[in-house]
$ cat upload-v4.cif   # mmCIF, C-alpha atoms
data_model
loop_
_atom_site.label_atom_id
_atom_site.label_comp_id
_atom_site.auth_asym_id
_atom_site.auth_seq_id
_atom_site.Cartn_x
_atom_site.Cartn_y
_atom_site.Cartn_z
CA MET A 8 -15.36 8.39 -6.45
CA SER A 9 -17.54 9.94 -3.85
CA ALA A 10 -19.62 13.01 -3.19
CA ALA A 11 -16.33 14.78 -2.43
CA ASP A 12 -15.02 13.79 -5.86
CA ARG A 13 -18.18 15.07 -7.52
CA GLU A 14 -17.82 18.36 -5.67
CA ARG A 15 -14.21 18.59 -6.83
CA TRP A 16 -15.08 17.99 -10.51
CA GLU A 17 -18.18 20.16 -10.82
CA PRO A 18 -16.36 23.53 -10.51
CA ARG A 19 -13.70 22.34 -12.95
CA TRP A 20 -16.31 21.57 -15.60
CA ARG A 21 -18.15 24.85 -15.01
CA ALA A 22 -14.90 26.79 -15.51
CA ARG A 23 -13.83 25.07 -18.74
CA PRO A 24 -14.36 26.51 -22.22
CA GLU A 25 -17.58 25.53 -24.01
CA ASP A 26 -15.80 23.62 -26.77
CA PRO A 27 -14.95 20.10 -25.55
CA GLY A 28 -11.86 20.06 -27.77
CA PRO A 29 -10.44 17.42 -30.07
CA PRO A 30 -10.46 13.69 -29.36
CA GLU A 31 -7.48 11.98 -27.74
CA PRO A 32 -4.83 11.61 -30.49
CA TRP A 33 -4.03 8.03 -29.46
CA LEU A 34 -7.68 7.10 -29.97
CA VAL A 35 -7.73 8.70 -33.41
CA GLU A 36 -4.60 6.75 -34.38
CA ARG A 37 -6.12 3.46 -33.18
CA LEU A 38 -9.63 3.90 -34.60
CA SER A 39 -9.24 0.98 -37.03
CA GLU A 40 -8.69 -1.36 -34.06
CA LEU A 41 -11.93 -0.32 -32.35
CA PRO A 42 -14.70 -2.85 -33.02
CA ARG A 43 -17.96 -1.56 -34.44
CA GLY A 44 -20.89 -1.86 -32.10
CA PRO A 45 -22.05 -0.23 -28.88
CA LEU A 46 -19.30 1.67 -27.06
CA LEU A 47 -19.15 2.85 -23.43
CA ASP A 48 -17.08 6.00 -22.82
CA VAL A 49 -16.05 5.75 -19.16
CA ALA A 50 -15.47 8.99 -17.23
CA SER A 51 -16.33 10.81 -20.45
CA GLY A 52 -16.21 14.34 -19.10
CA ASP A 53 -17.87 16.73 -21.55
CA GLY A 54 -17.52 14.20 -24.33
CA ARG A 55 -14.64 15.15 -26.59
CA ASN A 56 -14.10 11.47 -27.42
CA ALA A 57 -17.78 10.46 -27.33
CA LEU A 58 -18.72 13.22 -29.77
CA TRP A 59 -15.96 12.30 -32.21
CA LEU A 60 -16.82 8.59 -32.03
CA ALA A 61 -20.51 9.32 -32.63
CA GLU A 62 -19.47 11.33 -35.69
CA GLN A 63 -17.59 8.22 -36.85
CA GLY A 64 -20.84 6.22 -36.63
CA PHE A 65 -20.44 4.54 -33.24
CA ALA A 66 -23.41 4.01 -30.91
CA VAL A 67 -21.96 5.73 -27.84
CA THR A 68 -23.03 5.69 -24.21
CA ALA A 69 -21.13 8.18 -22.02
CA VAL A 70 -20.86 7.99 -18.24
CA ASP A 71 -19.38 10.59 -15.88
CA ILE A 72 -19.73 11.55 -12.23
CA ALA A 73 -20.14 15.28 -12.95
CA PRO A 74 -23.65 16.45 -13.92
CA THR A 75 -22.19 19.60 -15.49
CA ALA A 76 -19.93 17.54 -17.77
CA ILE A 77 -22.83 15.36 -18.93
CA ALA A 78 -25.06 18.42 -19.47
CA ARG A 79 -22.34 19.97 -21.62
CA LEU A 80 -22.00 16.73 -23.59
CA ASN A 81 -25.76 16.62 -24.19
CA THR A 82 -25.72 20.24 -25.41
CA SER A 83 -22.81 19.59 -27.77
CA ALA A 84 -24.40 16.41 -29.12
CA ALA A 85 -27.71 18.18 -29.79
CA ALA A 86 -25.92 21.06 -31.56
CA ARG A 87 -24.14 18.57 -33.81
CA GLY A 88 -27.25 16.47 -34.44
CA LEU A 89 -25.74 13.44 -32.69
CA ARG A 90 -27.45 10.83 -30.54
CA ILE A 91 -25.39 9.85 -27.51
CA ALA A 92 -26.85 8.08 -24.50
CA THR A 93 -25.57 9.65 -21.28
CA ARG A 94 -25.64 8.83 -17.61
CA VAL A 95 -24.46 10.68 -14.52
CA ALA A 96 -23.05 7.93 -12.33
CA ASP A 97 -20.53 7.35 -9.59
CA LEU A 98 -18.59 4.29 -10.73
CA ASP A 99 -17.92 3.42 -7.10
CA GLU A 100 -21.62 2.69 -6.65
CA PRO A 101 -22.47 -0.98 -7.35
CA GLY A 102 -25.51 0.00 -9.44
CA ALA A 103 -23.74 2.69 -11.51
CA LEU A 104 -23.92 0.65 -14.70
CA GLU A 105 -27.20 -1.13 -13.98
CA GLY A 106 -29.16 -1.81 -17.15
CA LEU A 107 -26.10 -1.42 -19.37
CA GLU A 108 -24.53 -4.43 -21.07
CA GLY A 109 -23.34 -5.91 -24.33
CA PHE A 110 -20.76 -3.29 -25.22
CA ALA A 111 -18.41 -4.12 -28.08
CA SER A 112 -15.86 -1.76 -26.56
CA LEU A 113 -15.04 0.36 -23.53
CA LEU A 114 -13.07 3.58 -23.78
CA VAL A 115 -11.15 4.76 -20.71
CA VAL A 116 -9.14 7.95 -21.31
CA ARG A 117 -7.17 9.86 -18.66
CA TYR A 118 -8.85 7.91 -15.88
CA LYS A 119 -7.72 5.02 -13.68
CA PRO A 120 -10.55 2.69 -12.60
CA SER A 121 -10.25 0.96 -9.25
CA ALA A 122 -10.31 -2.85 -9.02
CA GLN A 123 -14.04 -2.78 -8.15
CA GLN A 124 -14.76 -0.43 -11.02
CA TRP A 125 -12.89 -2.73 -13.40
CA ASP A 126 -15.08 -5.62 -12.21
CA ARG A 127 -18.22 -3.67 -13.08
CA LEU A 128 -16.83 -2.42 -16.39
CA ILE A 129 -15.67 -5.83 -17.59
CA ALA A 130 -19.09 -7.24 -16.69
CA VAL A 131 -20.80 -4.97 -19.27
CA LEU A 132 -18.31 -5.86 -22.02
CA ARG A 133 -19.35 -8.65 -24.37
CA PRO A 134 -17.00 -11.62 -24.93
CA GLU A 135 -14.20 -10.65 -27.31
CA GLY A 136 -15.08 -6.99 -26.75
CA ARG A 137 -12.20 -4.56 -26.41
CA VAL A 138 -11.02 -2.09 -23.82
CA PHE A 139 -9.15 0.97 -25.08
CA LEU A 140 -7.23 2.47 -22.16
CA CYS A 141 -5.13 5.61 -22.48
CA SER A 142 -4.13 7.10 -19.16
CA PHE A 143 -1.26 8.57 -17.17
CA GLY A 144 1.84 6.44 -16.65
CA ARG A 145 4.10 6.46 -13.62
CA GLU A 146 6.42 9.00 -15.23
CA ARG A 147 3.70 11.62 -14.85
CA ALA A 148 4.07 11.38 -11.04
CA ARG A 149 7.59 12.82 -11.37
CA GLU A 150 5.93 16.07 -12.43
CA GLY A 151 3.93 16.27 -9.20
CA PHE A 152 0.87 14.40 -10.47
CA ASP A 153 -0.75 12.21 -7.82
CA PRO A 154 0.71 8.70 -8.30
CA ALA A 155 -2.61 7.19 -7.17
CA PHE A 156 -4.02 8.19 -10.56
CA CYS A 157 -1.15 6.72 -12.59
CA ILE A 158 -1.28 3.32 -14.24
CA ALA A 159 1.57 0.83 -14.34
CA GLU A 160 1.76 -2.01 -16.82
CA ASP A 161 2.67 -4.68 -14.26
CA GLU A 162 -0.18 -3.69 -11.92
CA LEU A 163 -2.63 -3.43 -14.81
CA ARG A 164 -1.71 -6.88 -16.11
CA ALA A 165 -2.08 -8.38 -12.64
CA LEU A 166 -5.51 -6.79 -12.30
CA LEU A 167 -6.94 -7.47 -15.76
CA GLU A 168 -5.42 -10.78 -16.80
CA PRO A 169 -6.73 -13.50 -17.13
CA ARG A 170 -10.15 -11.90 -17.83
CA LEU A 171 -8.68 -9.75 -20.58
CA ARG A 172 -5.86 -10.40 -23.03
CA CYS A 173 -3.49 -7.53 -23.81
CA LEU A 174 -3.28 -6.88 -27.56
CA ARG A 175 -1.14 -3.72 -27.42
CA TYR A 176 0.73 -1.73 -24.78
CA GLU A 177 2.70 1.41 -25.52
CA ARG A 178 4.22 4.32 -23.65
CA LEU A 179 3.50 7.59 -25.40
CA GLY A 180 6.06 9.75 -23.61
CA ALA A 181 6.40 13.32 -22.39
CA ALA A 182 4.96 14.88 -25.54
CA ALA A 183 1.67 13.12 -24.72
CA ASP A 184 1.56 13.96 -20.97
CA TRP A 185 3.32 10.67 -20.15
CA LEU A 186 0.31 8.67 -21.28
CA GLU A 187 0.27 4.91 -21.74
CA GLY A 188 -2.08 3.35 -24.26
CA SER A 189 -3.26 -0.23 -24.27
CA ILE A 190 -5.84 -2.37 -25.99
CA TRP A 191 -7.34 -5.39 -24.25
CA GLU A 192 -9.73 -8.07 -25.42
CA LYS A 193 -12.20 -9.89 -23.21
CA ARG A 194 -11.64 -13.61 -23.20
CA PRO A 195 -14.63 -15.73 -24.30
#

$ encode --input "upload-v4.cif" --output "structure tokens"
Amino acid sequence: MSAADRERWEPRWRARPEDPGPPEPWLVERLSELPRGPLLDVASGDGRNALWLAEQGFAVTAVDIAPTAIARLNTSAAARGLRIATRVADLDEPGALEGLEGFASLLVVRYKPSAQQWDRLIAVLRPEGRVFLCSFGRERAREGFDPAFCIAEDELRALLEPRLRCLRYERLGAAADWLEGSIWEKRP
């Protein structure tokens, strides 16, 4: 991301409805596979997943590039009586996650980290911690979606293995915006 990306996202968050909406259905279905302990919600937006996870008893830290999104998350958390640590950060910056570490899990929903971002994210994940990734598959590009933001299993495996071990990989199909969900575990 860059300043241009921040400028692109800020108006989108300002224009969205106040209610962050429900959590990602795939996450809800896989909750039992999410280890208890500190969780980092990557590119959290206004926190629809972070809020729900905090309600489930998780200690959540949420990171997003858009100050408006994080401000909305903080407002929603306060209104619900939830404690969520938040940070406005550009994940392209080497120090974006400085001071954060020891996460039992990382949540990445509808976002595709770059190779450098993955390096920084994996570094804050404890051994045997899990990554829950649910993002756009290649099929979404057929609908005019920018293919640069689509994940592909073969590319993902090449990038993440051998640091992470894939526990689950599934294609969710057109009814779920051509999302692909996967669960990874950090090798000791």

$ residues_around --input "upload-v4.cif" --residues "Trp20 in chain A" --least-positions-apart "5" --cutoff "10 Å" --atoms "all atoms listed in the file" --output "PDB file with C-alpha atoms, keeping the file's coordinate frame"
ATOM      1  CA  ARG A  15     -14.210  18.590  -6.830  1.00  0.00           C
ATOM      2  CA  GLU A  25     -17.580  25.530 -24.010  1.00  0.00           C
ATOM      3  CA  GLY A  52     -16.210  14.340 -19.100  1.00  0.00           C
ATOM      4  CA  ASP A  53     -17.870  16.730 -21.550  1.00  0.00           C
ATOM      5  CA  ALA A  73     -20.140  15.280 -12.950  1.00  0.00           C
ATOM      6  CA  PRO A  74     -23.650  16.450 -13.920  1.00  0.00           C
ATOM      7  CA  THR A  75     -22.190  19.600 -15.490  1.00  0.00           C
ATOM      8  CA  ALA A  76     -19.930  17.540 -17.770  1.00  0.00           C
ATOM      9  CA  ILE A  77     -22.830  15.360 -18.930  1.00  0.00           C
ATOM     10  CA  ARG A  79     -22.340  19.970 -21.620  1.00  0.00           C
TER      11      ARG A  79
END

$ atom_distance --input "upload-v4.cif" --atom1 "CA of Glu31 in chain A" --atom2 "CA of Ala11 in chain A"
27.0 Å

$ resolve_selection --input "upload-v4.cif" --expression "the PyMOL selection byres ((chain A and resi 172) around 8)" --output "compact mmCIF listing (two decimals) with C-alpha atoms, in the frame of the given file"
# COMPACT_ATOMS: atom_id res chain seq x y z
CA LEU A 167 -6.94 -7.47 -15.76
CA GLU A 168 -5.42 -10.78 -16.80
CA PRO A 169 -6.73 -13.50 -17.13
CA ARG A 170 -10.15 -11.90 -17.83
CA LEU A 171 -8.68 -9.75 -20.58
CA CYS A 173 -3.49 -7.53 -23.81
CA LEU A 174 -3.28 -6.88 -27.56
CA TRP A 191 -7.34 -5.39 -24.25
CA GLU A 192 -9.73 -8.07 -25.42
CA LYS A 193 -12.20 -9.89 -23.21
CA ARG A 194 -11.64 -13.61 -23.20

$ closest_atom_pairs --input "upload-v4.cif" --of "range 46-83 of chain A" --to "range 136-151 of chain A" --cutoff "12 Å" --atoms "all atoms listed in the file" --output "CSV"
residue,atom,partner,partner_atom,distance
A:Leu46,CA,A:Arg137,CA,9.5
A:Leu47,CA,A:Val138,CA,9.5
A:Asp48,CA,A:Phe139,CA,9.7
A:Val49,CA,A:Leu140,CA,9.9
A:Ala50,CA,A:Leu140,CA,11.6
A:Asn56,CA,A:Cys141,CA,11.8

$ write_last_selection --input "upload-v4.cif" --atoms "C-alpha atoms" --output "PDB file, keeping the file's coordinate frame"
ATOM      1  CA  LEU A  46     -19.300   1.670 -27.060  1.00  0.00           C
ATOM      2  CA  LEU A  47     -19.150   2.850 -23.430  1.00  0.00           C
ATOM      3  CA  ASP A  48     -17.080   6.000 -22.820  1.00  0.00           C
ATOM      4  CA  VAL A  49     -16.050   5.750 -19.160  1.00  0.00           C
ATOM      5  CA  ALA A  50     -15.470   8.990 -17.230  1.00  0.00           C
ATOM      6  CA  ASN A  56     -14.100  11.470 -27.420  1.00  0.00           C
TER       7      ASN A  56
END

$ resolve_selection --input "upload-v4.cif" --expression "the PyMOL selection byres ((chain A and resi 80) around 9)" --output "list in words"
Pro27, Ser51, Gly52, Asp53, Gly54, Arg55, Ala57, Leu58, Ala69, Thr75, Ala76, Ile77, Ala78, Arg79, Asn81, Thr82, Ser83, Ala84, Ala85, Ile91 and Thr93 of chain A

$ residues_near_point --input "upload-v4.cif" --point "(-6.9, 9.4, -10.1)" --cutoff "6 Å" --atoms "all atoms listed in the file" --output "number ranges by chain"
A: 119, 155-156

$ atom_distance --input "upload-v4.cif" --atom1 "CA of Arg164 in chain A" --atom2 "CA of Leu186 in chain A"
16.5 Å

$ closest_residue --input "upload-v4.cif" --among "A:Ser112, A:Glu177, A:Ala86, A:Glu17" --to "Phe65 in chain A" --atoms "all atoms listed in the file"
A:Ser112

$ resolve_selection --input "upload-v4.cif" --expression "the PyMOL selection byres ((chain A and resi 122) around 12)" --output "list in words"
Leu98, Asp99, Lys119, Pro120, Ser121, Gln123, Gln124, Trp125, Asp126, Arg127, Leu128, Ile129, Glu162, Leu163, Arg164, Ala165, Leu166 and Leu167 of chain A

$ write_last_selection --input "upload-v4.cif" --atoms "C-alpha atoms" --output "PDB file, in the coordinates of the input"
ATOM      1  CA  LEU A  98     -18.590   4.290 -10.730  1.00  0.00           C
ATOM      2  CA  ASP A  99     -17.920   3.420  -7.100  1.00  0.00           C
ATOM      3  CA  LYS A 119      -7.720   5.020 -13.680  1.00  0.00           C
ATOM      4  CA  PRO A 120     -10.550   2.690 -12.600  1.00  0.00           C
ATOM      5  CA  SER A 121     -10.250   0.960  -9.250  1.00  0.00           C
ATOM      6  CA  GLN A 123     -14.040  -2.780  -8.150  1.00  0.00           C
ATOM      7  CA  GLN A 124     -14.760  -0.430 -11.020  1.00  0.00           C
ATOM      8  CA  TRP A 125     -12.890  -2.730 -13.400  1.00  0.00           C
ATOM      9  CA  ASP A 126     -15.080  -5.620 -12.210  1.00  0.00           C
ATOM     10  CA  ARG A 127     -18.220  -3.670 -13.080  1.00  0.00           C
ATOM     11  CA  LEU A 128     -16.830  -2.420 -16.390  1.00  0.00           C
ATOM     12  CA  ILE A 129     -15.670  -5.830 -17.590  1.00  0.00           C
ATOM     13  CA  GLU A 162      -0.180  -3.690 -11.920  1.00  0.00           C
ATOM     14  CA  LEU A 163      -2.630  -3.430 -14.810  1.00  0.00           C
ATOM     15  CA  ARG A 164      -1.710  -6.880 -16.110  1.00  0.00           C
ATOM     16  CA  ALA A 165      -2.080  -8.380 -12.640  1.00  0.00           C
ATOM     17  CA  LEU A 166      -5.510  -6.790 -12.300  1.00  0.00           C
ATOM     18  CA  LEU A 167      -6.940  -7.470 -15.760  1.00  0.00           C
TER      19      LEU A 167
END

$ atom_distance --input "upload-v4.cif" --atom1 "CA of Asp184 in chain A" --atom2 "CA of Phe152 in chain A"
10.5 Å

$ residues_near_point --input "upload-v4.cif" --point "(-25.3, 3.1, -17.5)" --cutoff "10 Å" --atoms "all atoms listed in the file" --output "ChimeraX atom specification"
/A:47,49,68-71,92-96,98,102-108,131

$ residues_around --input "upload-v4.cif" --residues "range 33-38 of chain A" --least-positions-apart "4" --cutoff "10 Å" --atoms "only C-alpha atoms" --output "PDB file with C-alpha atoms, keeping the file's coordinate frame"
ATOM      1  CA  PRO A  29     -10.440  17.420 -30.070  1.00  0.00           C
ATOM      2  CA  PRO A  42     -14.700  -2.850 -33.020  1.00  0.00           C
ATOM      3  CA  ARG A  43     -17.960  -1.560 -34.440  1.00  0.00           C
ATOM      4  CA  ASN A  56     -14.100  11.470 -27.420  1.00  0.00           C
ATOM      5  CA  TRP A  59     -15.960  12.300 -32.210  1.00  0.00           C
ATOM      6  CA  LEU A  60     -16.820   8.590 -32.030  1.00  0.00           C
ATOM      7  CA  GLN A  63     -17.590   8.220 -36.850  1.00  0.00           C
ATOM      8  CA  LEU A 114     -13.070   3.580 -23.780  1.00  0.00           C
ATOM      9  CA  VAL A 116      -9.140   7.950 -21.310  1.00  0.00           C
ATOM     10  CA  PHE A 139      -9.150   0.970 -25.080  1.00  0.00           C
ATOM     11  CA  LEU A 140      -7.230   2.470 -22.160  1.00  0.00           C
ATOM     12  CA  CYS A 141      -5.130   5.610 -22.480  1.00  0.00           C
ATOM     13  CA  LEU A 179       3.500   7.590 -25.400  1.00  0.00           C
ATOM     14  CA  ALA A 183       1.670  13.120 -24.720  1.00  0.00           C
ATOM     15  CA  LEU A 186       0.310   8.670 -21.280  1.00  0.00           C
ATOM     16  CA  GLU A 187       0.270   4.910 -21.740  1.00  0.00           C
ATOM     17  CA  GLY A 188      -2.080   3.350 -24.260  1.00  0.00           C
ATOM     18  CA  SER A 189      -3.260  -0.230 -24.270  1.00  0.00           C
ATOM     19  CA  ILE A 190      -5.840  -2.370 -25.990  1.00  0.00           C
TER      20      ILE A 190
END
